[in-house]
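K.L.:
After the structure tokens below, expect a handful of questions from me.
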Amino acid sequence: MKTGGWIFLILSWGLLLWLNGFCFYKILRHHGLEDDD
Amino acid sequence: MEQTKTAPKREGWGSKLGVILAVAGSAVGLGNFLRFPSQAALNGGGAFMIPYFISLLILGIPLMWVEWTIGRYGGGFGHGSAPGIFHTMWKKNRFIKYFGVLGIFAPIVILSYYTYIESWLLGYAWFSVSGKLSQVAATEQGMRAFLTGYQGLLPTDHFSGLGYAYLFFLITFALNAWVIYRGLKGGIEKLCNWAMPTLVICGIILTVRVLTIGTPHPETPDNTILNGLGYLWNPDFKALTNAKVWLAAAGQIFFTLSIGFGVIMTYASYLNKREDVALSGLTASATNEFVEVILGGSIVIPAAFAFFGSARIVEIAQSGSFNIGFVTMPMIFNQIPAGMCFASIWYGLLFLAGITSSVSMAIPAIAFLEDEFNISRKKAALITIAIVFFLCQPAILFLGRGVMDELDFWGGTFCLILAGAIEAILFSWVFGMDKAWEEMHHGAEMSVPSVFKFILRYITPVYLLAILGFWLYQEGWPVILMQGVSVENRPFILWTRIGLLLFFGLLSYLVWHAWKKRSTVTDP
């Protein structure tokens with residue numbers, strides 16, 4: 001794997017992990033895992 | 001609010017996480033694990049991720065927000081399917097509801113062949129556990145013969161006809177029917193609440209296993225997992241000057257997020273106006289992308305490269321999703337210790353990805369019967385299940401005649417892009433961007449950056465129409481003209497088209513009838 005490949009892999013994985021972390025953190029902080037009703 | 005006063009009491013979701021996992025479950029399908037890696041590898045490797053992420057930003061996520069927003073808006077008026085939702089957005093136009101028929105027609109057509117493919121996964125999971133797969137997975141020829149025998153296309157040593165395939169189809173269909181019959185909260189939400197985390201865990205197990213394979217054949221030291229990852233991720237920037245690469249990336253984003261199906265709209269129609277759609281839409285997209293890029297991108301192509309080398313990887317990537325999933329992967333698993341155990345995890349994972357998608361596809365039709373004809377949910381579910389069972393038969397019995405490909409072309413490609421383009425234009429230009437923006441932000445738990453106003457109004461519709469035009473020119477027209485279809489298969493293709501037209505006509509008639517009945521009482 002070339003350096004360019006590593007850069008794209010790390011950036012893509014990093015971006016998606018950050019996005020998922022951001023979204024689920026916001027949701028779980030407000031709602032938790034329990035039923036809303 | 002007028003909406004909540006006029007809307008009849010409708011079913012709801014149990015939790016916010018539940019509806020997000022249900023939408024993500026609908027989006028995560030076989031394409032995440034089979035289509036994405038081959039598309040990336042064939043279209044510039046790491047450089048493919050540039051148009052891919054740009055498409056996600058200007059096409060995927062905005063359309064996700066559109067579907068969540070208009071679904072919740074229509075649900076406020078008691079409409080859970082596209083005809084009613086489109087009608088509430090453009091009441092002055094009496095024809096717009098007929099465009100909404102696409103949002104019921106497409107998922108049912110897809111369901112009529114998708115359930116059968118899903119049943120192959122269950123069958124292969126069973127053959128992995130029972131050891132039958134390990135007897136034939138030594139050679140490509142053996143695996144191909146096994147697949148065609150299982151599909152009933154040719155009698156082989158293992159299969160004399162369709163018996164096994166039909167048995168697994170019945171089991172798969174019964175599982176789907178049971179989940180659908182139990183409804184949103186008791187069926188689909190419960191399924192997705194355990195199936196999605198299980199799927200991710202299975203994906204992580206397989207990813208770790210593949211990434212630790214190293215150099216499986218020391219006599220070919222270049223065939224390593226790292227070089228396999230390199231084949232997928234090393235950027236080829238020249239590819240970015242090719243319009244086909246941009247089209248491939250946009251197409252992958254569009255199809256992977258289940259946009260245009262009508263399913264997300266229906267799911268969102270069961271939310272109330274105080275519930276968030278902005279963060280939910282983004283989270284469902286993010287979950288799908290995690291599964292696709294991180295898990296889907298780390299299994300098939302790196303493993304195939306390590307075992308078969310650079311000479312064969314292009315051929316494998318070009319061989320299509322079915323070949324990768326049902327021929328290449330069993331051969332790889334056969335060469336690693338406890339391979340059949342990992343094969344059963346692989347097919348189990350794909351089956352979960354399949355069933356969380358297939359159960360969602362019946363919901364728009366059920367919502368349509370329930371909301372527009374006042375049929376009880378259970379009765380509407382039974383009617384839909386019976387119709388789908390009947391519609392599944394041509395794809396099973398005439399697989400070798402190209403019927404499944406034809407259904408996939410109309411239901412799984414053409415209608416989706418068309419419906420997506422209609423939604424985008426309806427949202428930004430007919431409903432009005434300011435009103436749409438305000439609607440999207442009701443109860444929002446995040447603020448959508450205002451640049452998306454411009455993107456939604458100008459870029460997304462133009463991009464979608466360009467995809468539709470390019471796709472029709474490059475791939476659609478030859479299929480419509482039946483180029484490449486053998487003379488003996490043409491009658492089957494023609495009858496499939498007639499059947500699809502009749503089904504579309506029947507749904508359009510039902511829409512007309514529902515509104516005629518409704519207009520005698522009161523217009524919604």
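For the structure tokens, the naming scheme is as follows: chains receive sequential letters (A, B, ...) according to their order of presentation, residues are indexed from 1 within each chain, and ligands are indexed from 1 in presentation order.
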Contacts from chain B to chain A, 9 Å maximum, only C-alpha atoms: show me the residue list as a ChimeraX atom specification.

P.N.:
/B:13-18,45-47,49,53,226-235,279-280,282-283,286-287,289-290,293-294,445-446

K.L.:
How would the residues just chosen look if you wrote them out with N, CA and C atoms as a short mmCIF file (atom, residue, chain, number, x, y, z; two decimals), in the first residue's frame?

P.N.:
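Resulting contents of again.cif:
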data_model
loop_
_atom_site.label_atom_id
_atom_site.label_comp_id
_atom_site.auth_asym_id
_atom_site.auth_seq_id
_atom_site.Cartn_x
_atom_site.Cartn_y
_atom_site.Cartn_z
N TRP B 13 -43.18 4.80 16.70
CA TRP B 13 -41.95 4.07 17.01
C TRP B 13 -41.75 4.03 18.51
N GLY B 14 -40.99 3.04 18.99
CA GLY B 14 -40.76 2.92 20.42
C GLY B 14 -39.71 3.90 20.91
N SER B 15 -38.66 4.11 20.13
CA SER B 15 -37.58 5.00 20.58
C SER B 15 -36.92 5.66 19.38
N LYS B 16 -36.18 6.72 19.67
CA LYS B 16 -35.49 7.45 18.59
C LYS B 16 -34.42 6.57 17.96
N LEU B 17 -33.68 5.85 18.83
CA LEU B 17 -32.64 4.98 18.32
C LEU B 17 -33.26 3.87 17.45
N GLY B 18 -34.46 3.44 17.83
CA GLY B 18 -35.16 2.39 17.09
C GLY B 18 -35.44 2.80 15.66
N GLY B 45 -9.77 3.62 -7.10
CA GLY B 45 -9.28 3.29 -5.75
C GLY B 45 -9.57 4.40 -4.76
N GLY B 46 -8.51 4.86 -4.05
CA GLY B 46 -8.70 5.91 -3.05
C GLY B 46 -9.29 7.17 -3.64
N ALA B 47 -8.92 7.47 -4.90
CA ALA B 47 -9.44 8.68 -5.55
C ALA B 47 -10.96 8.62 -5.72
N MET B 49 -12.95 7.89 -3.55
CA MET B 49 -13.58 8.41 -2.34
C MET B 49 -13.83 9.91 -2.43
N PHE B 53 -17.47 10.94 -1.46
CA PHE B 53 -17.84 11.78 -0.32
C PHE B 53 -18.52 13.08 -0.77
N LEU B 226 -2.06 -6.23 2.85
CA LEU B 226 -1.73 -4.80 2.72
C LEU B 226 -1.79 -4.35 1.25
N ASN B 227 -1.28 -5.20 0.35
CA ASN B 227 -1.37 -4.85 -1.07
C ASN B 227 -2.83 -4.90 -1.55
N GLY B 228 -3.61 -5.77 -0.93
CA GLY B 228 -5.04 -5.83 -1.25
C GLY B 228 -5.75 -4.54 -0.85
N LEU B 229 -5.38 -4.05 0.35
CA LEU B 229 -5.93 -2.76 0.78
C LEU B 229 -5.45 -1.65 -0.16
N GLY B 230 -4.18 -1.80 -0.58
CA GLY B 230 -3.62 -0.82 -1.52
C GLY B 230 -4.38 -0.82 -2.84
N TYR B 231 -4.79 -2.00 -3.30
CA TYR B 231 -5.54 -2.08 -4.55
C TYR B 231 -6.84 -1.27 -4.44
N LEU B 232 -7.43 -1.30 -3.25
CA LEU B 232 -8.69 -0.56 -3.05
C LEU B 232 -8.45 0.92 -2.77
N TRP B 233 -7.34 1.24 -2.06
CA TRP B 233 -7.19 2.62 -1.55
C TRP B 233 -6.15 3.47 -2.27
N ASN B 234 -5.14 2.86 -2.96
CA ASN B 234 -4.14 3.70 -3.65
C ASN B 234 -4.85 4.59 -4.68
N PRO B 235 -4.69 5.91 -4.57
CA PRO B 235 -5.46 6.78 -5.46
C PRO B 235 -4.93 6.83 -6.88
N LEU B 279 -31.00 15.38 12.74
CA LEU B 279 -29.94 14.53 13.30
C LEU B 279 -30.20 13.06 12.96
N SER B 280 -31.49 12.67 12.96
CA SER B 280 -31.84 11.28 12.66
C SER B 280 -31.41 10.90 11.25
N LEU B 282 -29.10 12.30 9.40
CA LEU B 282 -27.63 12.28 9.32
C LEU B 282 -27.08 11.02 9.96
N THR B 283 -27.66 10.62 11.10
CA THR B 283 -27.16 9.43 11.81
C THR B 283 -27.39 8.16 10.99
N ALA B 286 -24.83 8.14 8.32
CA ALA B 286 -23.50 7.87 8.86
C ALA B 286 -23.34 6.38 9.18
N THR B 287 -24.39 5.77 9.74
CA THR B 287 -24.32 4.34 10.08
C THR B 287 -24.13 3.52 8.82
N GLU B 289 -22.82 4.46 6.03
CA GLU B 289 -21.48 4.70 5.47
C GLU B 289 -20.39 3.99 6.26
N PHE B 290 -20.57 3.91 7.58
CA PHE B 290 -19.62 3.17 8.42
C PHE B 290 -19.57 1.71 7.97
N VAL B 293 -18.09 1.64 4.05
CA VAL B 293 -16.69 1.99 3.76
C VAL B 293 -15.73 1.22 4.68
N ILE B 294 -16.02 1.21 5.98
CA ILE B 294 -15.06 0.63 6.92
C ILE B 294 -15.15 -0.90 6.92
N GLU B 445 -32.58 18.45 16.44
CA GLU B 445 -31.58 18.39 17.50
C GLU B 445 -30.20 18.80 16.98
N MET B 446 -30.16 19.26 15.75
CA MET B 446 -28.95 19.88 15.20
C MET B 446 -29.39 20.91 14.16
#

K.L.:
Can you pull out every residue within 12 Å of Phe390 of chain B, counting only C-alpha atoms, but drop anything in the same chain fewer than 6 positions away, and send it as a JSON list (two decimals) with C-alpha atoms, in the first residue's frame?

P.N.:
[["chain", "number", "residue", "atom", "x", "y", "z"],
["B", 108, "ILE", "CA", -42.84, -4.08, -3.92],
["B", 109, "VAL", "CA", -41.12, -4.90, -7.23],
["B", 111, "LEU", "CA", -39.17, -7.15, -2.70],
["B", 112, "SER", "CA", -40.47, -9.64, -5.30],
["B", 113, "TYR", "CA", -36.91, -10.70, -6.19],
["B", 173, "PHE", "CA", -40.53, -15.39, 3.25],
["B", 383, "ILE", "CA", -53.05, -8.47, 1.88],
["B", 384, "THR", "CA", -49.57, -7.10, 1.08],
["B", 396, "ILE", "CA", -37.94, -17.76, -8.85],
["B", 397, "LEU", "CA", -39.33, -19.83, -11.72]]

K.L.:
Please, which residues of chain A, numbered as in this document, come out helix (DSSP H, G or I) from DSSP, as a list of chain:residue names?

P.N.:
A:Thr3, A:Gly4, A:Gly5, A:Trp6, A:Ile7, A:Phe8, A:Leu9, A:Ile10, A:Leu11, A:Ser12, A:Trp13, A:Gly14, A:Leu15, A:Leu16, A:Leu17, A:Trp18, A:Leu19, A:Asn20, A:Gly21, A:Phe22, A:Cys23, A:Phe24, A:Tyr25, A:Lys26, A:Ile27, A:Leu28, A:Arg29, A:His30, A:His31

K.L.:
Under the rule that only C-alpha atoms are counted, which of B:Phe470, B:Tyr114, B:Phe308, B:Phe342 is the nearest residue to Val359 of chain B?

P.N.:
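Of the candidates, the smallest distance to Val359 of chain B is held by B:Tyr114.
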
K.L.:
Near segment 403-408 of chain B, counting only C-alpha atoms, which residues have an atom at most 12 Å away, once you skip same-chain residues fewer than 3 positions from it, shown as number ranges by chain?

P.N.:
B: 105-117, 391-400, 411-416, 476, 479-482, 485, 489-501

K.L.:
If I take atom CA of Trp246 of chain B and atom CA of Leu102 of chain B, how far is one from the other in Å, to one decimal?

P.N.:
26.1 Å

K.L.:
For Glu439 of chain B, find every residue with an atom within 10 Å (counting only C-alpha atoms), except residues of its own chain fewer than 2 positions away, and show them as number ranges by chain.

P.N.:
B: 69-70, 72-73, 273, 277, 433-437, 441-444

K.L.:
Compare B:Leu502, B:Ile345, B:Ile417, B:Ala311 by their minimum atom-to-atom distance to Ala466 of chain B, counting only C-alpha atoms, and give me the closest one.

P.N.:
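With only C-alpha atoms as the atom set, the closest residue is B:Ile417.
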
K.L.:
Counting only C-alpha atoms, which residue out of B:Phe127, B:Tyr52, B:Tyr270, B:Tyr98 sits closest to Val19 of chain B?

P.N.:
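Closest to Val19 of chain B, using only C-alpha atoms: B:Tyr270.
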
K.L.:
Which residues, written as a PyMOL selection string, have at least one atom at most 8 Å from Val210 of chain B, with only C-alpha atoms counted and residues fewer than 2 positions away on the same chain left out?

P.N.:
chain B and resi 206-208+212-213+225+298-299+302-303

K.L.:
From the list B:Tyr150, B:Pro51, B:Val66, B:Gly84, which residue is nearest Ala249 of chain B when using only C-alpha atoms?

P.N.:
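Ranked by minimum distance to Ala249 of chain B, first place goes to B:Pro51.
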
K.L.:
With a distance cut-off of 10 Å and only C-alpha atoms, select the neighbouring residues of Lys132 of chain B, excluding the residue or stretch itself and same-chain residues fewer than 4 positions from it, and output the selection as an MDAnalysis selection string.

P.N.:
chainID B and resid 124 126:128 136:137 146 158 340

K.L.:
Limited to N, CA and C atoms, could you put the picked residues into a file as a compact mmCIF listing (two decimals), in the first residue's frame?

P.N.:
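And here is the file that came out, again-v4.txt:
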# COMPACT_ATOMS: atom_id res chain seq x y z
N TYR B 124 -26.98 -20.66 1.93
CA TYR B 124 -25.52 -20.79 1.97
C TYR B 124 -25.00 -20.78 3.41
N TRP B 126 -26.58 -22.13 5.85
CA TRP B 126 -26.84 -23.51 6.28
C TRP B 126 -25.82 -24.48 5.67
N PHE B 127 -25.50 -24.30 4.38
CA PHE B 127 -24.53 -25.19 3.74
C PHE B 127 -23.14 -25.01 4.34
N SER B 128 -22.84 -23.80 4.84
CA SER B 128 -21.55 -23.57 5.50
C SER B 128 -21.49 -24.36 6.80
N VAL B 136 -17.34 -28.38 -2.05
CA VAL B 136 -17.26 -27.89 -3.43
C VAL B 136 -16.44 -26.62 -3.58
N ALA B 137 -16.02 -26.03 -2.44
CA ALA B 137 -15.40 -24.69 -2.49
C ALA B 137 -13.94 -24.71 -2.92
N PHE B 146 -22.27 -25.38 -8.23
CA PHE B 146 -23.08 -25.46 -7.02
C PHE B 146 -24.17 -24.38 -7.04
N HIS B 158 -25.33 -32.19 -6.48
CA HIS B 158 -25.88 -31.76 -5.19
C HIS B 158 -27.36 -31.41 -5.26
N MET B 340 -15.14 -22.45 7.33
CA MET B 340 -16.60 -22.56 7.19
C MET B 340 -17.34 -21.87 8.34

K.L.:
Report, in Å to a single decimal, how far apart atom CA of Ile316 of chain B and atom CA of Glu488 of chain B are.

P.N.:
29.2 Å

K.L.:
So, with only C-alpha atoms as the atoms that count, which of B:Tyr164, B:Tyr463, B:Phe409, B:Trp68 lies closest to Ile54 of chain B?

P.N.:
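Ranked by minimum distance to Ile54 of chain B, first place goes to B:Tyr463.
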